[in-house]
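Colleague: This one is my_file_19.cif, mmCIF, C-alpha atoms and all ligand atoms.
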```
data_structure
loop_
_atom_site.label_atom_id
_atom_site.label_comp_id
_atom_site.auth_asym_id
_atom_site.auth_seq_id
_atom_site.Cartn_x
_atom_site.Cartn_y
_atom_site.Cartn_z
CA MET I 155 -19.45 -12.21 54.88
CA LYS I 156 -17.23 -15.10 53.82
CA ALA I 157 -18.47 -14.69 50.23
CA ILE I 158 -17.63 -10.96 50.24
CA ILE I 159 -14.09 -11.64 51.48
CA ILE I 160 -13.57 -14.28 48.77
CA PHE I 161 -14.93 -11.87 46.12
CA LEU I 162 -12.61 -9.04 47.29
CA PHE I 163 -9.65 -11.43 47.35
CA CYS I 164 -10.38 -12.64 43.79
CA SER I 165 -10.86 -9.06 42.50
CA CYS I 166 -7.54 -8.02 44.03
CA LEU I 167 -5.82 -11.09 42.57
CA LEU I 168 -7.18 -10.26 39.09
CA ALA I 169 -6.26 -6.57 39.32
CA CYS I 170 -2.77 -7.40 40.59
CA THR I 171 -1.98 -9.96 37.87
CA LEU I 172 -3.05 -7.85 34.86
CA THR I 173 -0.91 -5.09 33.44
CA PRO I 174 -2.47 -2.20 31.47
CA GLU I 175 -1.13 -3.79 28.26
CA GLU I 176 -3.13 -6.94 28.88
CA PRO I 177 -6.76 -5.82 28.91
CA TYR I 178 -9.06 -8.44 30.30
CA GLY I 179 -12.09 -9.29 28.16
CA THR I 180 -10.74 -7.81 24.90
CA SER I 181 -10.78 -10.09 21.90
CA TRP I 182 -9.62 -9.87 18.30
CA ASN I 183 -10.52 -11.92 15.29
CA ILE I 184 -7.51 -12.39 13.02
CA HIS I 185 -8.48 -13.40 9.48
CA PHE I 186 -5.92 -14.77 7.03
CA LEU I 187 -7.86 -13.90 3.90
CA ASP I 188 -8.10 -16.13 0.86
CA ILE I 189 -6.66 -13.74 -1.72
CA GLY I 190 -4.81 -16.19 -3.95
CA GLN I 191 -1.02 -15.91 -4.23
CA GLY I 192 -0.12 -13.23 -1.70
CA LEU I 193 -0.89 -12.20 1.85
CA SER I 194 -3.57 -10.22 3.63
CA VAL I 195 -4.36 -10.41 7.34
CA LEU I 196 -7.47 -8.63 8.61
CA PHE I 197 -7.79 -7.62 12.27
CA GLU I 198 -11.32 -7.23 13.62
CA SER I 199 -12.38 -6.09 17.07
CA ASN I 200 -15.43 -4.20 18.40
CA GLY I 201 -16.58 -3.39 14.86
CA LYS I 202 -13.19 -1.90 13.92
CA PHE I 203 -10.79 -3.21 11.29
CA ALA I 204 -7.14 -2.97 10.30
CA LEU I 205 -5.00 -4.72 7.69
CA TYR I 206 -1.55 -6.20 7.43
CA ASP I 207 -1.01 -6.38 3.66
CA THR I 208 -3.67 -6.34 1.00
CA GLY I 209 -2.97 -9.28 -1.31
CA PRO I 210 -2.44 -9.02 -5.08
CA ASP I 211 -4.60 -7.03 -7.51
CA SER I 212 -7.38 -8.58 -9.60
CA VAL I 213 -8.90 -10.61 -6.75
CA HIS I 214 -11.76 -8.15 -6.08
CA PHE I 215 -10.27 -7.16 -2.74
CA GLU I 216 -12.88 -4.41 -2.42
CA ARG I 217 -15.64 -7.02 -2.54
CA ILE I 218 -13.86 -9.20 0.05
CA LEU I 219 -13.66 -6.28 2.50
CA LYS I 220 -17.27 -5.18 1.83
CA SER I 221 -18.42 -8.73 2.68
CA PHE I 222 -17.28 -7.95 6.26
CA GLY I 223 -19.29 -4.69 6.16
CA ILE I 224 -16.08 -2.64 6.23
CA ASP I 225 -16.13 1.02 5.23
CA THR I 226 -13.33 2.30 7.50
CA LEU I 227 -9.87 0.90 8.15
CA GLU I 228 -8.00 2.10 11.26
CA TRP I 229 -4.70 1.44 9.51
CA ILE I 230 -3.07 -0.58 6.79
CA VAL I 231 0.49 -1.89 7.10
CA LEU I 232 2.14 -2.60 3.74
CA SER I 233 4.87 -5.04 4.74
CA HIS I 234 6.92 -4.45 1.57
CA LEU I 235 6.34 -3.29 -1.97
CA HIS I 236 5.74 -6.48 -3.88
CA ARG I 237 2.55 -6.78 -5.88
CA ASP I 238 1.27 -9.83 -3.97
CA HIS I 239 1.20 -7.70 -0.79
CA VAL I 240 0.15 -4.25 -2.02
CA GLY I 241 -1.94 -4.92 -5.15
CA GLY I 242 -5.22 -4.79 -3.19
CA PHE I 243 -4.26 -1.39 -1.77
CA LEU I 244 -4.09 0.05 -5.30
CA GLU I 245 -7.70 -1.13 -5.73
CA ILE I 246 -9.23 -0.05 -2.41
CA SER I 247 -7.59 3.37 -2.38
CA GLN I 248 -9.33 4.40 -5.63
CA ASP I 249 -12.20 6.90 -5.25
CA SER I 250 -14.69 4.37 -6.60
CA ALA I 251 -13.92 1.92 -3.75
CA ASP I 252 -15.10 4.42 -1.13
CA PHE I 253 -13.11 3.25 1.91
CA PHE I 254 -12.01 5.65 4.63
CA ILE I 255 -8.39 4.69 5.38
CA LYS I 256 -7.15 6.47 8.49
CA HIS I 257 -3.44 5.71 8.21
CA VAL I 258 -0.97 3.73 6.11
CA PHE I 259 2.34 2.42 7.48
CA TRP I 260 4.96 1.61 4.84
CA ASN I 261 8.63 2.09 4.19
CA LYS I 262 9.78 4.10 1.22
CA ASP I 263 13.33 2.75 0.96
CA SER I 264 12.30 0.43 -1.85
CA SER I 265 13.69 -0.14 -5.31
CA GLN I 266 10.21 -1.04 -6.63
CA TYR I 267 9.98 2.43 -8.16
CA TRP I 268 6.77 2.00 -10.13
CA LEU I 269 4.84 0.78 -7.08
CA LEU I 270 6.53 3.34 -4.84
CA ASP I 271 5.41 6.09 -7.17
CA SER I 272 1.85 4.73 -7.58
CA ILE I 273 1.31 4.36 -3.83
CA GLN I 274 2.80 7.76 -3.10
CA LYS I 275 0.42 9.36 -5.63
CA LEU I 276 -2.64 7.59 -4.21
CA LEU I 277 -1.74 8.56 -0.64
CA SER I 278 -1.28 12.13 -1.71
CA ILE I 279 -4.48 12.37 -3.83
CA LYS I 280 -6.59 10.77 -1.08
CA GLU I 281 -4.74 12.72 1.63
CA ILE I 282 -4.16 9.55 3.65
CA PRO I 283 -1.77 10.15 6.56
CA ASN I 284 1.18 7.79 6.27
CA SER I 285 4.46 7.03 7.97
CA SER I 286 7.29 4.56 8.11
CA LEU I 287 7.54 1.73 10.61
CA TYR I 288 10.87 0.48 11.94
CA LYS I 289 12.16 -1.74 14.71
CA GLY I 290 11.12 -0.44 18.13
CA GLU I 291 7.98 1.40 16.98
CA LYS I 292 4.46 0.37 18.03
CA ILE I 293 1.03 0.57 16.46
CA GLN I 294 -2.22 0.48 18.39
CA PHE I 295 -5.35 -1.48 17.68
CA GLU I 296 -8.31 -1.82 20.03
CA GLY I 297 -6.66 -1.95 23.42
CA ASN I 298 -3.34 -3.51 22.47
CA SER I 299 -0.18 -2.50 20.68
CA LEU I 300 1.79 -4.42 18.10
CA ASN I 301 5.56 -4.08 18.29
CA THR I 302 7.63 -3.64 15.15
CA LEU I 303 10.60 -6.01 15.25
CA TRP I 304 11.98 -5.41 11.77
CA PRO I 305 13.41 -3.73 9.65
CA VAL I 306 16.15 -1.57 11.09
CA PRO I 307 16.36 1.72 9.17
CA GLU I 308 20.06 1.88 8.48
CA LYS I 309 20.34 -1.52 6.81
CA GLN I 310 20.42 -1.91 3.02
CA LEU I 311 17.98 -4.73 2.30
CA THR I 312 16.37 -6.52 -0.61
CA GLU I 313 12.61 -6.04 -0.95
CA ASN I 314 11.63 -9.31 0.78
CA ALA I 315 14.24 -8.75 3.48
CA SER I 316 12.81 -5.31 4.24
CA SER I 317 9.39 -6.72 5.24
CA ILE I 318 7.85 -5.08 8.29
CA VAL I 319 7.62 -7.73 11.05
CA LEU I 320 4.96 -7.25 13.73
CA HIS I 321 4.67 -9.02 17.08
CA LEU I 322 2.14 -8.91 19.87
CA LYS I 323 2.52 -10.75 23.14
CA SER I 324 -0.17 -10.79 25.78
CA GLY I 325 -0.16 -13.23 28.66
CA ASN I 326 1.04 -16.61 27.42
CA GLU I 327 -0.01 -16.02 23.80
CA SER I 328 1.64 -14.16 20.96
CA LEU I 329 1.26 -13.34 17.28
CA LEU I 330 4.07 -12.97 14.73
CA LEU I 331 3.56 -11.54 11.22
CA THR I 332 6.65 -11.87 9.05
CA GLY I 333 5.76 -10.76 5.49
CA ASP I 334 8.34 -12.31 3.16
CA ILE I 335 11.48 -12.28 5.34
CA GLU I 336 14.09 -14.93 4.63
CA LYS I 337 16.53 -16.98 6.69
CA GLU I 338 19.04 -14.16 7.15
CA GLU I 339 16.39 -11.88 8.70
CA GLU I 340 15.13 -14.75 10.88
CA LYS I 341 18.70 -15.05 12.18
CA ASN I 342 18.82 -11.29 12.82
CA LEU I 343 15.50 -11.47 14.70
CA LEU I 344 16.79 -14.24 16.98
CA GLU I 345 19.92 -12.18 17.69
CA PHE I 346 17.74 -9.25 18.76
CA TYR I 347 15.07 -11.39 20.47
CA PRO I 348 16.51 -14.76 21.53
CA THR I 349 13.28 -15.86 23.24
CA LEU I 350 10.93 -14.69 20.49
CA ASN I 351 7.68 -16.65 20.45
CA ALA I 352 4.63 -17.05 18.25
CA SER I 353 1.53 -18.96 19.34
CA LEU I 354 -0.02 -17.82 16.05
CA PHE I 355 2.57 -17.59 13.28
CA GLN I 356 2.41 -16.35 9.70
CA VAL I 357 4.87 -18.57 7.86
CA PRO I 358 7.30 -16.25 6.01
CA HIS I 359 7.27 -15.86 2.23
CA HIS I 360 4.34 -18.21 1.58
CA GLY I 361 6.34 -21.20 2.82
CA ALA I 362 9.27 -20.73 0.38
CA GLU I 363 12.33 -22.86 1.12
CA THR I 364 14.47 -19.70 1.38
CA SER I 365 12.69 -18.95 4.69
CA SER I 366 11.73 -20.90 7.83
CA SER I 367 15.00 -22.18 9.23
CA LEU I 368 14.47 -25.01 11.69
CA LYS I 369 16.17 -23.04 14.48
CA PHE I 370 13.76 -20.13 13.96
CA LEU I 371 10.70 -22.39 13.94
CA GLU I 372 11.82 -24.35 16.99
CA THR I 373 12.52 -21.19 19.01
CA LEU I 374 9.07 -19.73 18.39
CA GLN I 375 7.06 -22.42 20.23
CA ILE I 376 4.38 -22.25 17.56
CA GLN I 377 0.85 -23.37 18.33
CA PHE I 378 -0.79 -22.50 14.99
CA ALA I 379 1.04 -21.77 11.71
CA VAL I 380 -0.63 -20.24 8.65
CA VAL I 381 0.71 -20.39 5.09
CA SER I 382 -0.91 -17.99 2.61
CA ASN I 383 -0.63 -19.05 -1.03
CA ALA I 384 -2.68 -19.94 -4.11
CA LYS I 385 -3.46 -23.45 -5.34
CA LYS I 386 -0.97 -24.68 -7.95
CA ASN I 387 1.03 -21.45 -7.83
CA PRO I 388 4.04 -21.29 -10.18
CA TYR I 389 6.52 -20.89 -7.28
CA GLY I 390 5.83 -24.28 -5.70
CA HIS I 391 4.78 -22.61 -2.42
CA PRO I 392 4.76 -23.95 0.18
CA ALA I 393 7.96 -25.99 -0.18
CA LYS I 394 7.74 -29.59 1.02
CA GLU I 395 10.85 -28.97 3.11
CA THR I 396 9.16 -26.05 4.92
CA LEU I 397 6.10 -28.15 5.71
CA LYS I 398 8.32 -30.93 7.12
CA LYS I 399 10.17 -28.45 9.33
CA LEU I 400 6.91 -26.88 10.51
CA GLU I 401 5.55 -30.29 11.40
CA ALA I 402 8.74 -31.13 13.30
CA ALA I 403 8.67 -27.82 15.19
CA ILE I 404 4.94 -27.83 16.02
CA GLY I 405 4.62 -31.55 16.58
CA GLN I 406 1.31 -31.92 14.78
CA ALA I 407 0.50 -31.43 11.09
CA GLU I 408 -3.14 -30.48 11.78
CA ASN I 409 -1.99 -27.18 13.30
CA ILE I 410 -0.55 -26.05 9.96
CA PHE I 411 -3.25 -24.12 8.09
CA ARG I 412 -3.07 -23.29 4.37
CA THR I 413 -5.26 -20.79 2.55
CA ASP I 414 -4.89 -22.75 -0.72
CA THR I 415 -6.66 -25.75 0.78
CA LEU I 416 -8.89 -24.13 3.44
CA GLY I 417 -9.72 -20.69 1.98
CA SER I 418 -9.84 -17.83 4.53
CA ILE I 419 -8.81 -18.90 8.03
CA CYS I 420 -9.88 -17.06 11.16
CA PHE I 421 -8.56 -17.20 14.73
CA THR I 422 -10.05 -15.60 17.81
CA TRP I 423 -7.65 -14.26 20.39
CA GLU I 424 -9.35 -13.58 23.68
CA PHE I 425 -6.63 -11.82 25.63
CA ASN I 426 -5.63 -13.59 28.84
CA VAL I 427 -7.75 -16.57 27.86
CA GLY I 428 -6.30 -18.06 24.66
CA ILE I 429 -6.23 -18.31 20.87
CA TRP I 430 -8.42 -20.72 18.94
CA ARG I 431 -9.81 -21.18 15.45
CA CYS I 432 -13.04 -19.16 14.93
CA GLN I 433 -16.22 -21.22 15.03
ZN ZN T 501 4.93 -12.44 -1.11
#
```
Written as structure tokens, how would this file's structure read?
Ligand SMILES: [Zn+2]

Modeller:
Amino acid sequence: MKAIIIFLFCSCLLACTLTPEEPYGTSWNIHFLDIGQGLSVLFESNGKFALYDTGPDSVHFERILKSFGIDTLEWIVLSHLHRDHVGGFLEISQDSADFFIKHVFWNKDSSQYWLLDSIQKLLSIKEIPNSSLYKGEKIQFEGNSLNTLWPVPEKQLTENASSIVLHLKSGNESLLLTGDIEKEEEKNLLEFYPTLNASLFQVPHHGAETSSSLKFLETLQIQFAVVSNAKKNPYGHPAKETLKKLEAAIGQAENIFRTDTLGSICFTWEFNVGIWRCQ
């Protein structure tokens, strides 16, 4: 009898402490793919997949995705129209690549006209549903929804500054994907969200010194930071200054992960339990 009462008490406690947005037992793998100089983050859960950016072209992105057994993508977010973020999309949306892409989120207010035109044509030929993504909108993936924090539609922005920023918070953990935003947009984000946090953090713009202000990094309470860049890239990414600031904000250099030295890096997020590096 005592055991039954304890069981009922624990069940009630669990049910009362979880909101519908925090599903117990759900987990995602979040892969920062080794795609050279660029960015591509692959979400994986229950055999389903979605992408935030697709890396540059000419890195055999199709082969990388096929190595995960992927034939369908729930959605792709193209953070902004620079080649190091959308080049892979041009490859995997060709007929020969044979992927079923259910939806593409991207913003068309870009001055990268050649890419804008190429992507528009591919979306139209392949009849891929697509829409814009602005501050306040959400996208769903396997039991959770990512919030769009940036950009705001009415603002005139440079290409990097227009990057779509996604955030997911569940329990004590959170994820922040920043594309190539720079210090000005970081400042804007902190004005909108003064207590913004990021247990798992994609370092903006491949660690360039024009991003990652110390105030931004310190506010986020980062547990793990990931820099995506190629070995010996011509831009000098990541900047030494950025690495120093990351180390100061996180408190330990071993929690800064770089795709140029480690290759693809995977984290498991078991919601309401924690985030850790995949085994
Ligand atoms: Zn970039």

Colleague: I:Leu232, I:Leu193, I:Lys309, I:Arg431: which is nearest Pro358 of chain I, counting all atoms listed in the file?

Modeller: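 Once distances to Pro358 of chain I are computed over all atoms listed in the file, the minimum belongs to I:Leu193.
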
Colleague: As a quick test: using all atoms listed in the file, which residues lie no more than 8 Å away from ligand ZN 501 (chain T)? Give them as a PDB file with C-alpha atoms, keeping the file's coordinate frame.

Modeller:
```pdb
ATOM      1  CA  GLN I 191      -1.020 -15.910  -4.230  1.00  0.00           C
ATOM      2  CA  GLY I 192      -0.120 -13.230  -1.700  1.00  0.00           C
ATOM      3  CA  LEU I 193      -0.890 -12.200   1.850  1.00  0.00           C
ATOM      4  CA  HIS I 236       5.740  -6.480  -3.880  1.00  0.00           C
ATOM      5  CA  ARG I 237       2.550  -6.780  -5.880  1.00  0.00           C
ATOM      6  CA  ASP I 238       1.270  -9.830  -3.970  1.00  0.00           C
ATOM      7  CA  HIS I 239       1.200  -7.700  -0.790  1.00  0.00           C
ATOM      8  CA  ASN I 314      11.630  -9.310   0.780  1.00  0.00           C
ATOM      9  CA  GLY I 333       5.760 -10.760   5.490  1.00  0.00           C
ATOM     10  CA  ASP I 334       8.340 -12.310   3.160  1.00  0.00           C
ATOM     11  CA  HIS I 359       7.270 -15.860   2.230  1.00  0.00           C
ATOM     12  CA  HIS I 360       4.340 -18.210   1.580  1.00  0.00           C
TER      13      HIS I 360
END
```

Colleague: Mind checking which residues fall within 8 Å of Gly190 of chain I, counting all atoms listed in the file, ignoring those fewer than 5 positions away in the same chain, and posting them as a PyMOL selection string?

Modeller: chain I and resi 209-210+213+382-385+413-414

Colleague: Smallest atom-to-atom distance to Phe295 of chain I: which of I:Ser272, I:Ser265, I:Asn200, I:Gln406, using only C-alpha atoms?

Modeller: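 The shortest atom-to-atom distance to Phe295 of chain I comes from I:Asn200.
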
Colleague: Considering all atoms listed in the file, can you say which of I:Trp268, I:Phe421, I:Phe243, I:Trp229 comes closest to His185 of chain I?

Modeller: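 Closest residue, counting all atoms listed in the file: I:Phe421.
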
Colleague: Closest to Glu228 of chain I among I:Gly241, I:Gly361, I:Gly290, I:Gly201, using all atoms listed in the file?

Modeller: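 Checking each of I:Gly241, I:Gly361, I:Gly290, I:Gly201 against Glu228 of chain I, counting all atoms listed in the file, the winner is I:Gly201.
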
Colleague: Using only C-alpha atoms, pick whichever of I:Trp304, I:Phe215, I:Phe197, I:Phe222 has the shortest atom-to-atom distance to Glu345 of chain I.

Modeller: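 Closest to Glu345 of chain I of all the choices is I:Trp304.
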
Colleague: Write out as a PyMOL selection string which residues come within 9 Å of Arg412 of chain I when counting all atoms listed in the file, dropping same-chain ones fewer than 2 positions away.

Modeller: chain I and resi 379-383+392+410+414-419

Colleague: For a test of reading the model, state the distance in Å between atom CA of Pro388 of chain I and atom CA of Phe186 of chain I, rounded to one decimal.

Modeller: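 If I compute the distance from atom CA of Pro388 of chain I to atom CA of Phe186 of chain I, I get 20.9 Å.
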